[in-house]
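Novice: Encoded as structure tokens, here's the structure I'll be asking about.
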Amino acid sequence: MAEVQSILAQYRQQGFALWPAFASDEEVVKLKTCAQLWAQRLDIPAHAHFATGADAAIRDRYFLDSATCVRGFFEPAAFDAQGKLKVPQPRAINKIGHALHLLDPVCRSWSIQSKVIQLVRLVGLVQPQIVQSQFIFKPPHVGGQVDLHMDSTFLYTDPPSCMGLWLALDEATVENGCLMVIPGSHRQAVPKRYVRRSDNSLTFVSLTPSPPHWDPKDCEPIPARPGDLVLLHGQVVHASAPNTSHRPRLAFVLHLIDGQAHWPTDNWMASPPILPLL
């Protein structure tokens with residue numbers, strides 16, 4: 001119990017914490033197998049890059065539709081100059097999401113188990129609800145950089161209530177792009193929101209007078225072993241470097257909100273696939 005209290009204290013003070021061996025070896029194997037099956041069977045169109053470069057309207061539509069189903073997104077670096085994949089599809093995927101917690105029985109079962117419910121209640125979510133789930137692949141050599149950001153920018157509630165559960169399914173190191181977090185940055189206000197316009201295009205809307213200055217030099221790496229769980233406050237600033245190694249860095253990620261908070265209908269997920277944890 002003392003270790004749990006120490007983890008929760010770090011989460012409140014620093015905006016993140018590592019819970020070692022939260023998932024069993026068996027759970028890790030089940031989720032990894034699930035991710036591999038999705039990677040092999042999904043029909044992912046070539047324009048589904050999780051970055052700029054494809055036609056904006058087509059890319060935005062594909063991304064928006066992923067809110068309530070399961071879709072895959074490629075790493076831009078996995079393509080050659082002619083637009084053809086340089087590696088097999090399972091080694092080219094950036095992420096698969098965002099409704100795995102509702103539509104995949106393995107992901108759903110892991111997400112609603114009692115230890116997950118107990119954890120989010122201890123953190124302080126009164127009416128915890130899962131609104132997004134994804135496998136993040138970060139494949140060897142082509143896994144791209146994720147810039148500094150807050151999750152509450154993309155999953156905004158009033159008041160902010162987002163939190164992330166990042167479960168390592170492979171060993172995450174500095175070399176293969178482990179999470180990087182700015183400790184204590186969760187005390188800042190949410191600087192902007194990612195919103196859906198009336199024409200279904202996507203944009204950022206500022207919430208503060210001037211953009212914040214986040215220095216990557218202030219980041220602290222969070223190495224993790226398979227089964228370790230990283231708790232991320234929705235306002236903690238975090239990122240990850242490219243995977244320059246030959247080793248994969250697969251993770252299963254849940255994002256939750258408090259059902260007591262207001263979910264704006266102009267969020268990019270206008271009607272998120274909510275799974276209450278009661």
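Within each chain, counting starts at residue 1; across the structure tokens, chains are named A, B, ... in the order shown, with ligands numbered 1 upward in that order.
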Against region 110-115 of chain A, which residues of region 124-230 of chain A fall within 12 Å? For each one I want the closest pair of atoms and the distance in Å (one decimal), counting only C-alpha atoms, rows by chain and increasing residue number, as JSON lines.

Specialist:
{"residue": "A:Pro128", "atom": "CA", "partner": "A:Ile112", "partner_atom": "CA", "distance": 10.7}
{"residue": "A:Gln129", "atom": "CA", "partner": "A:Ile112", "partner_atom": "CA", "distance": 10.1}
{"residue": "A:Ile130", "atom": "CA", "partner": "A:Ser111", "partner_atom": "CA", "distance": 8.4}
{"residue": "A:Val131", "atom": "CA", "partner": "A:Ser111", "partner_atom": "CA", "distance": 11.3}
{"residue": "A:Gln132", "atom": "CA", "partner": "A:Ser111", "partner_atom": "CA", "distance": 10.9}
{"residue": "A:Ser133", "atom": "CA", "partner": "A:Ser111", "partner_atom": "CA", "distance": 9.2}
{"residue": "A:Gln134", "atom": "CA", "partner": "A:Ser111", "partner_atom": "CA", "distance": 11.5}
{"residue": "A:Leu165", "atom": "CA", "partner": "A:Ser111", "partner_atom": "CA", "distance": 9.9}
{"residue": "A:Trp166", "atom": "CA", "partner": "A:Ser111", "partner_atom": "CA", "distance": 11.7}
{"residue": "A:Leu167", "atom": "CA", "partner": "A:Ser111", "partner_atom": "CA", "distance": 11.0}
{"residue": "A:Leu229", "atom": "CA", "partner": "A:Lys115", "partner_atom": "CA", "distance": 11.9}

Novice: Could those selected residues go to a file with C-alpha atoms, as a PDB file, in the first residue's frame?

Specialist:
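Heads up, here's the output in again_19.pdb:
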ATOM      1  CA  PRO A 128     -14.435   7.535 -14.939  1.00  0.00           C
ATOM      2  CA  GLN A 129     -15.195   7.030 -18.622  1.00  0.00           C
ATOM      3  CA  ILE A 130     -12.924   5.655 -21.330  1.00  0.00           C
ATOM      4  CA  VAL A 131     -13.228   7.783 -24.481  1.00  0.00           C
ATOM      5  CA  GLN A 132     -10.284   6.601 -26.573  1.00  0.00           C
ATOM      6  CA  SER A 133      -8.073   3.552 -26.937  1.00  0.00           C
ATOM      7  CA  GLN A 134      -5.241   2.715 -29.281  1.00  0.00           C
ATOM      8  CA  LEU A 165      -2.920   5.081 -19.090  1.00  0.00           C
ATOM      9  CA  TRP A 166       0.084   4.058 -21.221  1.00  0.00           C
ATOM     10  CA  LEU A 167       0.831   0.334 -20.949  1.00  0.00           C
ATOM     11  CA  LEU A 229       1.943   1.324 -16.720  1.00  0.00           C
TER      12      LEU A 229
END

Novice: Find the residues around Tyr194 (chain A) up to 12 Å (only C-alpha atoms counted), leave out those fewer than 5 positions away in its own chain, and share them as an NGL selection string.

Specialist: :A and (64 or 149-157 or 201-207 or 264-270)

Novice: Between A:Ile93, A:Leu100, A:Ile117, A:Ala224, which one has atoms that come closest to Thr68 (chain A), using only C-alpha atoms?

Specialist: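 The answer is A:Leu100, which sits nearest to Thr68 (chain A).
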
Novice: CA of Leu250 (chain A) and CA of Ser66 (chain A) are how many Å apart?

Specialist: 19.6 Å

Novice: Write out as a PDB file with N, CA and C atoms, in the first residue's frame all residues of region 12-170 of chain A that DSSP puts in strand (DSSP E) for this structure's backbone.

Specialist:
ATOM      1  N   PHE A  16       2.853  12.703 -13.680  1.00  0.00           N
ATOM      2  CA  PHE A  16       3.042  11.369 -14.265  1.00  0.00           C
ATOM      3  C   PHE A  16       3.604  10.447 -13.196  1.00  0.00           C
ATOM      4  N   ALA A  17       3.485   9.151 -13.433  1.00  0.00           N
ATOM      5  CA  ALA A  17       4.073   8.167 -12.530  1.00  0.00           C
ATOM      6  C   ALA A  17       4.140   6.829 -13.248  1.00  0.00           C
ATOM      7  N   LEU A  18       5.096   6.019 -12.866  1.00  0.00           N
ATOM      8  CA  LEU A  18       5.252   4.670 -13.412  1.00  0.00           C
ATOM      9  C   LEU A  18       4.790   3.660 -12.374  1.00  0.00           C
ATOM     10  N   TRP A  19       3.867   2.775 -12.771  1.00  0.00           N
ATOM     11  CA  TRP A  19       3.409   1.680 -11.907  1.00  0.00           C
ATOM     12  C   TRP A  19       4.049   0.407 -12.448  1.00  0.00           C
ATOM     13  N   VAL A  70     -12.434   1.127 -35.604  1.00  0.00           N
ATOM     14  CA  VAL A  70     -11.021   0.790 -35.463  1.00  0.00           C
ATOM     15  C   VAL A  70     -10.350   1.006 -36.811  1.00  0.00           C
ATOM     16  N   ARG A  71      -9.397   1.934 -36.846  1.00  0.00           N
ATOM     17  CA  ARG A  71      -8.694   2.243 -38.082  1.00  0.00           C
ATOM     18  C   ARG A  71      -7.193   2.321 -37.831  1.00  0.00           C
ATOM     19  N   GLY A  72      -6.452   2.120 -38.905  1.00  0.00           N
ATOM     20  CA  GLY A  72      -5.005   2.143 -38.793  1.00  0.00           C
ATOM     21  C   GLY A  72      -4.411   3.350 -39.491  1.00  0.00           C
ATOM     22  N   PHE A  73      -3.236   3.764 -39.023  1.00  0.00           N
ATOM     23  CA  PHE A  73      -2.533   4.915 -39.574  1.00  0.00           C
ATOM     24  C   PHE A  73      -1.069   4.553 -39.769  1.00  0.00           C
ATOM     25  N   PHE A  74      -0.541   4.938 -40.927  1.00  0.00           N
ATOM     26  CA  PHE A  74       0.835   4.612 -41.271  1.00  0.00           C
ATOM     27  C   PHE A  74       1.808   5.684 -40.777  1.00  0.00           C
ATOM     28  N   ILE A  93       3.055   0.614 -39.373  1.00  0.00           N
ATOM     29  CA  ILE A  93       1.896   1.232 -38.725  1.00  0.00           C
ATOM     30  C   ILE A  93       2.318   2.134 -37.570  1.00  0.00           C
ATOM     31  N   ASN A  94       1.764   3.324 -37.566  1.00  0.00           N
ATOM     32  CA  ASN A  94       1.962   4.259 -36.461  1.00  0.00           C
ATOM     33  C   ASN A  94       1.052   3.899 -35.284  1.00  0.00           C
ATOM     34  N   LYS A  95      -0.242   3.741 -35.580  1.00  0.00           N
ATOM     35  CA  LYS A  95      -1.215   3.470 -34.511  1.00  0.00           C
ATOM     36  C   LYS A  95      -2.457   2.805 -35.091  1.00  0.00           C
ATOM     37  N   ILE A  96      -3.213   2.151 -34.204  1.00  0.00           N
ATOM     38  CA  ILE A  96      -4.520   1.585 -34.520  1.00  0.00           C
ATOM     39  C   ILE A  96      -5.474   2.010 -33.409  1.00  0.00           C
ATOM     40  N   GLY A  97      -6.600   2.619 -33.772  1.00  0.00           N
ATOM     41  CA  GLY A  97      -7.578   3.086 -32.784  1.00  0.00           C
ATOM     42  C   GLY A  97      -8.808   3.613 -33.500  1.00  0.00           C
ATOM     43  N   HIS A  98      -9.786   4.162 -32.765  1.00  0.00           N
ATOM     44  CA  HIS A  98      -9.695   4.622 -31.394  1.00  0.00           C
ATOM     45  C   HIS A  98     -10.780   4.022 -30.488  1.00  0.00           C
ATOM     46  N   PRO A 128     -15.415   7.815 -13.885  1.00  0.00           N
ATOM     47  CA  PRO A 128     -14.435   7.535 -14.939  1.00  0.00           C
ATOM     48  C   PRO A 128     -15.080   6.941 -16.186  1.00  0.00           C
ATOM     49  N   GLN A 129     -14.687   7.497 -17.337  1.00  0.00           N
ATOM     50  CA  GLN A 129     -15.195   7.030 -18.622  1.00  0.00           C
ATOM     51  C   GLN A 129     -14.038   6.936 -19.607  1.00  0.00           C
ATOM     52  N   ILE A 130     -13.907   5.787 -20.262  1.00  0.00           N
ATOM     53  CA  ILE A 130     -12.924   5.655 -21.330  1.00  0.00           C
ATOM     54  C   ILE A 130     -13.519   6.275 -22.590  1.00  0.00           C
ATOM     55  N   VAL A 131     -12.751   7.145 -23.253  1.00  0.00           N
ATOM     56  CA  VAL A 131     -13.228   7.783 -24.481  1.00  0.00           C
ATOM     57  C   VAL A 131     -12.346   7.472 -25.690  1.00  0.00           C
ATOM     58  N   GLN A 132     -11.189   6.868 -25.457  1.00  0.00           N
ATOM     59  CA  GLN A 132     -10.284   6.601 -26.573  1.00  0.00           C
ATOM     60  C   GLN A 132      -9.323   5.485 -26.199  1.00  0.00           C
ATOM     61  N   SER A 133      -9.035   4.628 -27.157  1.00  0.00           N
ATOM     62  CA  SER A 133      -8.073   3.552 -26.937  1.00  0.00           C
ATOM     63  C   SER A 133      -7.309   3.309 -28.225  1.00  0.00           C
ATOM     64  N   GLN A 134      -6.059   2.900 -28.088  1.00  0.00           N
ATOM     65  CA  GLN A 134      -5.241   2.715 -29.281  1.00  0.00           C
ATOM     66  C   GLN A 134      -4.013   1.862 -28.984  1.00  0.00           C
ATOM     67  N   PHE A 135      -3.575   1.152 -29.994  1.00  0.00           N
ATOM     68  CA  PHE A 135      -2.248   0.547 -29.990  1.00  0.00           C
ATOM     69  C   PHE A 135      -1.319   1.521 -30.700  1.00  0.00           C
ATOM     70  N   ILE A 136      -0.229   1.894 -30.049  1.00  0.00           N
ATOM     71  CA  ILE A 136       0.775   2.757 -30.659  1.00  0.00           C
ATOM     72  C   ILE A 136       2.017   1.900 -30.909  1.00  0.00           C
ATOM     73  N   VAL A 146       7.113  12.215 -31.834  1.00  0.00           N
ATOM     74  CA  VAL A 146       5.870  12.837 -31.385  1.00  0.00           C
ATOM     75  C   VAL A 146       6.265  14.108 -30.637  1.00  0.00           C
ATOM     76  N   ASP A 147       5.792  15.245 -31.116  1.00  0.00           N
ATOM     77  CA  ASP A 147       6.187  16.524 -30.531  1.00  0.00           C
ATOM     78  C   ASP A 147       5.542  16.747 -29.165  1.00  0.00           C
ATOM     79  N   LEU A 148       6.089  17.705 -28.424  1.00  0.00           N
ATOM     80  CA  LEU A 148       5.555  18.043 -27.104  1.00  0.00           C
ATOM     81  C   LEU A 148       4.091  18.474 -27.219  1.00  0.00           C
ATOM     82  N   HIS A 149       3.251  17.931 -26.344  1.00  0.00           N
ATOM     83  CA  HIS A 149       1.820  18.234 -26.392  1.00  0.00           C
ATOM     84  C   HIS A 149       1.174  17.869 -25.062  1.00  0.00           C
ATOM     85  N   MET A 163      -7.081  11.931 -18.436  1.00  0.00           N
ATOM     86  CA  MET A 163      -5.876  11.249 -17.985  1.00  0.00           C
ATOM     87  C   MET A 163      -5.590  10.094 -18.929  1.00  0.00           C
ATOM     88  N   GLY A 164      -4.322   9.733 -19.052  1.00  0.00           N
ATOM     89  CA  GLY A 164      -3.916   8.649 -19.932  1.00  0.00           C
ATOM     90  C   GLY A 164      -3.300   7.509 -19.151  1.00  0.00           C
ATOM     91  N   LEU A 165      -3.555   6.285 -19.622  1.00  0.00           N
ATOM     92  CA  LEU A 165      -2.920   5.081 -19.090  1.00  0.00           C
ATOM     93  C   LEU A 165      -2.131   4.462 -20.238  1.00  0.00           C
ATOM     94  N   TRP A 166      -0.823   4.483 -20.147  1.00  0.00           N
ATOM     95  CA  TRP A 166       0.084   4.058 -21.221  1.00  0.00           C
ATOM     96  C   TRP A 166       0.762   2.771 -20.777  1.00  0.00           C
ATOM     97  N   LEU A 167       0.329   1.646 -21.359  1.00  0.00           N
ATOM     98  CA  LEU A 167       0.831   0.334 -20.949  1.00  0.00           C
ATOM     99  C   LEU A 167       1.907  -0.142 -21.920  1.00  0.00           C
ATOM    100  N   ALA A 168       3.107  -0.356 -21.426  1.00  0.00           N
ATOM    101  CA  ALA A 168       4.200  -0.855 -22.263  1.00  0.00           C
ATOM    102  C   ALA A 168       3.976  -2.330 -22.565  1.00  0.00           C
TER     103      ALA A 168
END
